[in-house]
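Trainee: Have a look at the structure that comes next, please.
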Amino acid sequence: MLTCRQGRDVVVTEQSSRSIAPAEGTLGVLLVGLGAVATTFVAGVENVRRGRAKPVGSLSKMSTIRLGKRTEGRSPLIEDFVPLASLDDLVFAAWDPIPDDAYESCKVAGVLDSQHIEPIADFLRGIKPMPAVFDQNYVKRLTGTNVKSGRTKRELAEQLRDDIREFKQERGCARLVMIWCASTEVFISPGPAHESLAAFERAMEENDPAIPPSMLYAWAAIMEGVPFANGAPNLTVDVAALQELAEQKGVAVCGKDFKTGQTMVKTVISPMLKARMLGLSGWYSTNILGNRDGEVLDDPESFKTKEESKLGVLEHILQPSMYPDLYGQIYHKVRINYYPPRGDNKEGWDNIDIFGWLGYPMQIKVNFLCRDSILAAPIVLDLALFLDLAQRAEMVGIQEWLSFYFKSPMAAPQLVPEHDLFIQQTKLKNTLRWLMGEEQITHLGVEYYEYERV
């Protein structure tokens, strides 16, 4: 059959595709946090919509997807292949404990130059943060006056539900997605309050400290049928209670912790070492970061949450229990240092001690001078569009196929999460092929050679 997307013809083979509701009407993007990441995302989308910039870093807007055999030459843009919402249909709202509108917040963040802020100043000033559910016990290095008050955590969560309904009605949204772009909360381990929906809702009523603000946002979103993505390493939706609710309400969820700088590099280099069966003795990582995220992570309790997310990558990819001679004695250390002069321009150093044939040592050094929010903004865009797609396709619960975007990806309870960036990319694109009734790409290729006939 022949489909047409945005004026371009795309051939889609006649196979069984999944029923997907059309991307009609306005898609509201609800952002928890209106700091550096959120404002860089929103300003970026508006610049792209006005033809002032390209959405570099976004798979949904810039990547192609191969269909069928290599000899067929079918590689449309992803946005021409699957029915994604148009950028012109996106509208935005946010919560933040700091009352600055998106224009002021963008200026304070210092990520974007004036050429990407001043021409859209009126648009940015129109995005004013709603009062946030905020508790300094969970983010100790931040303060704010733009906060909600309530007798119980359940009452606060119900106020968030009211915000969601009011925004949807006022802006005439057909659908919504919610993405956590706020700070890292203190470390919380799964406990009795998270084991069932009944226990969770009872804990909200009792103001149990095991229920941080991020869980209240996730609960409110799911209750309103809004898909939710967690961009921080907080536990948030990665608990049995909220996954139970997501299944019950038919809502897509994913997380956690946007994969941007140093960890993105780790998920590229460590698969290379494993593919070549090269050993690893140690991996020392350190960062300097001066934005609000860096300030929050200067608190040891918030850093522990981030550290847990970063440290798990190597173990999952390298499988030391399976390869003890190569990876059984890894020394892995991660450090993040708050350094205000650097702002959002994070710098990461990695010292990697490896060994090869007969055990001879070698080293790899990486110095990555990146811009944290510049790397995160296209992830927010892709998650908004792909989560909306998943919701319209009635893909309920954990969206493991979106692991590509996360440091600590969620997976079904019986599964070990996949961290290898390239396997994650294959999973993402194969899921899109599956949705549209196309064959999966296995890269086997024996059909091109004579030995297939033997």
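The way I read the labels, and the way they are meant: chains A, B, ... in the order of the structure tokens, residue 1 as the first residue of every chain, and ligand 1 as the first ligand shown, with later ones counted on from there.
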Report as a PyMOL selection string all protein, DNA and RNA residues lying within 8 Å of Phe368 of chain A, evaluated on only C-alpha atoms, omitting residues in the same chain fewer than 5 positions from it.

Mentor: chain A and resi 261-262+347-349

Trainee: Based on the selection just made, write N, CA and C atoms of those residues as a PDB file, in the first residue's frame.

Mentor:
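Saved the output as part_6.pdb:
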```
ATOM      1  N   GLY A 261      25.384  12.781  28.463  1.00  0.00           N
ATOM      2  CA  GLY A 261      26.814  12.963  28.261  1.00  0.00           C
ATOM      3  C   GLY A 261      27.669  11.751  28.517  1.00  0.00           C
ATOM      4  N   GLN A 262      28.221  11.687  29.712  1.00  0.00           N
ATOM      5  CA  GLN A 262      29.206  10.662  30.030  1.00  0.00           C
ATOM      6  C   GLN A 262      28.642   9.245  29.924  1.00  0.00           C
ATOM      7  N   GLU A 347      31.636  19.249  31.714  1.00  0.00           N
ATOM      8  CA  GLU A 347      32.841  18.612  31.187  1.00  0.00           C
ATOM      9  C   GLU A 347      33.061  17.307  31.939  1.00  0.00           C
ATOM     10  N   GLY A 348      33.279  16.244  31.184  1.00  0.00           N
ATOM     11  CA  GLY A 348      33.496  14.931  31.778  1.00  0.00           C
ATOM     12  C   GLY A 348      34.837  14.356  31.375  1.00  0.00           C
ATOM     13  N   TRP A 349      35.524  13.738  32.332  1.00  0.00           N
ATOM     14  CA  TRP A 349      36.783  13.041  32.058  1.00  0.00           C
ATOM     15  C   TRP A 349      36.619  11.568  32.427  1.00  0.00           C
TER      16      TRP A 349
END
```

Trainee: Apply DSSP to the backbone of this structure and, from segment 145-219 of chain A, keep only the residues in helix (DSSP H, G or I); write these as number ranges by chain.

Mentor: A: 153-171, 192-194, 197-205, 213-219

Trainee: Restricted to C-alpha atoms, what would the selected residues look like written as a PDB file, in the first residue's frame?

Mentor:
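This went into selection_7.pdb:
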```pdb
ATOM      1  CA  LYS A 153       0.069  14.244  49.685  1.00  0.00           C
ATOM      2  CA  ARG A 154      -3.132  12.865  48.199  1.00  0.00           C
ATOM      3  CA  GLU A 155      -4.601  16.369  48.309  1.00  0.00           C
ATOM      4  CA  LEU A 156      -1.529  17.753  46.529  1.00  0.00           C
ATOM      5  CA  ALA A 157      -1.778  15.061  43.859  1.00  0.00           C
ATOM      6  CA  GLU A 158      -5.442  15.904  43.314  1.00  0.00           C
ATOM      7  CA  GLN A 159      -4.429  19.537  42.763  1.00  0.00           C
ATOM      8  CA  LEU A 160      -2.089  18.337  40.021  1.00  0.00           C
ATOM      9  CA  ARG A 161      -4.983  16.466  38.433  1.00  0.00           C
ATOM     10  CA  ASP A 162      -6.988  19.698  38.475  1.00  0.00           C
ATOM     11  CA  ASP A 163      -4.090  21.484  36.727  1.00  0.00           C
ATOM     12  CA  ILE A 164      -3.971  18.793  34.050  1.00  0.00           C
ATOM     13  CA  ARG A 165      -7.699  18.984  33.352  1.00  0.00           C
ATOM     14  CA  GLU A 166      -7.734  22.787  33.289  1.00  0.00           C
ATOM     15  CA  PHE A 167      -4.791  23.009  30.880  1.00  0.00           C
ATOM     16  CA  LYS A 168      -6.322  20.418  28.581  1.00  0.00           C
ATOM     17  CA  GLN A 169      -9.609  22.292  28.467  1.00  0.00           C
ATOM     18  CA  GLU A 170      -8.163  25.801  28.164  1.00  0.00           C
ATOM     19  CA  ARG A 171      -5.801  24.872  25.323  1.00  0.00           C
ATOM     20  CA  PRO A 192       6.048  -1.448  51.428  1.00  0.00           C
ATOM     21  CA  ALA A 193       4.371   1.772  50.287  1.00  0.00           C
ATOM     22  CA  HIS A 194       5.319   0.996  46.681  1.00  0.00           C
ATOM     23  CA  LEU A 197      -1.693   0.585  44.464  1.00  0.00           C
ATOM     24  CA  ALA A 198      -3.730   0.278  47.646  1.00  0.00           C
ATOM     25  CA  ALA A 199      -0.608   0.648  49.797  1.00  0.00           C
ATOM     26  CA  PHE A 200       0.581   3.600  47.702  1.00  0.00           C
ATOM     27  CA  GLU A 201      -2.679   5.517  47.970  1.00  0.00           C
ATOM     28  CA  ARG A 202      -2.853   4.831  51.691  1.00  0.00           C
ATOM     29  CA  ALA A 203       0.698   6.169  52.016  1.00  0.00           C
ATOM     30  CA  MET A 204      -0.347   9.375  50.192  1.00  0.00           C
ATOM     31  CA  GLU A 205      -3.143   9.892  52.700  1.00  0.00           C
ATOM     32  CA  PRO A 213       6.804  14.680  44.804  1.00  0.00           C
ATOM     33  CA  SER A 214       7.840  12.894  41.581  1.00  0.00           C
ATOM     34  CA  MET A 215       5.537   9.991  42.461  1.00  0.00           C
ATOM     35  CA  LEU A 216       2.652  12.386  42.999  1.00  0.00           C
ATOM     36  CA  TYR A 217       3.137  13.791  39.489  1.00  0.00           C
ATOM     37  CA  ALA A 218       3.306  10.288  38.029  1.00  0.00           C
ATOM     38  CA  TRP A 219       0.179   9.194  39.914  1.00  0.00           C
TER      39      TRP A 219
END
```

Trainee: What is the distance, in Å and to one decimal place, between atom CA of Leu245 of chain A and atom CA of Gly33 of chain A?

Mentor: 23.5 Å

Trainee: For Leu142 of chain A, which residue out of A:Val111, A:Val296, A:Leu280, A:Leu59 is the nearest one, using only C-alpha atoms?

Mentor: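 Checking each of A:Val111, A:Val296, A:Leu280, A:Leu59 against Leu142 of chain A, counting only C-alpha atoms, the winner is A:Val296.
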
Trainee: Please identify the strand (DSSP E or B) residues within segment 173-203 of chain A (assignment by DSSP from backbone atoms) and present them as a PyMOL selection string.

Mentor: chain A and resi 173-180

Trainee: For the residues in that selection, give me C-alpha atoms as an mmCIF file, in the first residue's frame.

Mentor:
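File produced: selection27.cif:
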```cif
data_model
loop_
_atom_site.group_PDB
_atom_site.id
_atom_site.type_symbol
_atom_site.label_atom_id
_atom_site.label_comp_id
_atom_site.auth_asym_id
_atom_site.auth_seq_id
_atom_site.Cartn_x
_atom_site.Cartn_y
_atom_site.Cartn_z
ATOM 1 C CA CYS A 173 -5.773 19.586 23.752
ATOM 2 C CA ALA A 174 -6.792 16.309 22.154
ATOM 3 C CA ARG A 175 -4.042 14.434 24.024
ATOM 4 C CA LEU A 176 -1.361 15.051 26.645
ATOM 5 C CA VAL A 177 2.040 13.707 27.670
ATOM 6 C CA MET A 178 3.998 14.499 30.850
ATOM 7 C CA ILE A 179 7.791 14.510 31.152
ATOM 8 C CA TRP A 180 9.801 14.946 34.347
#
```
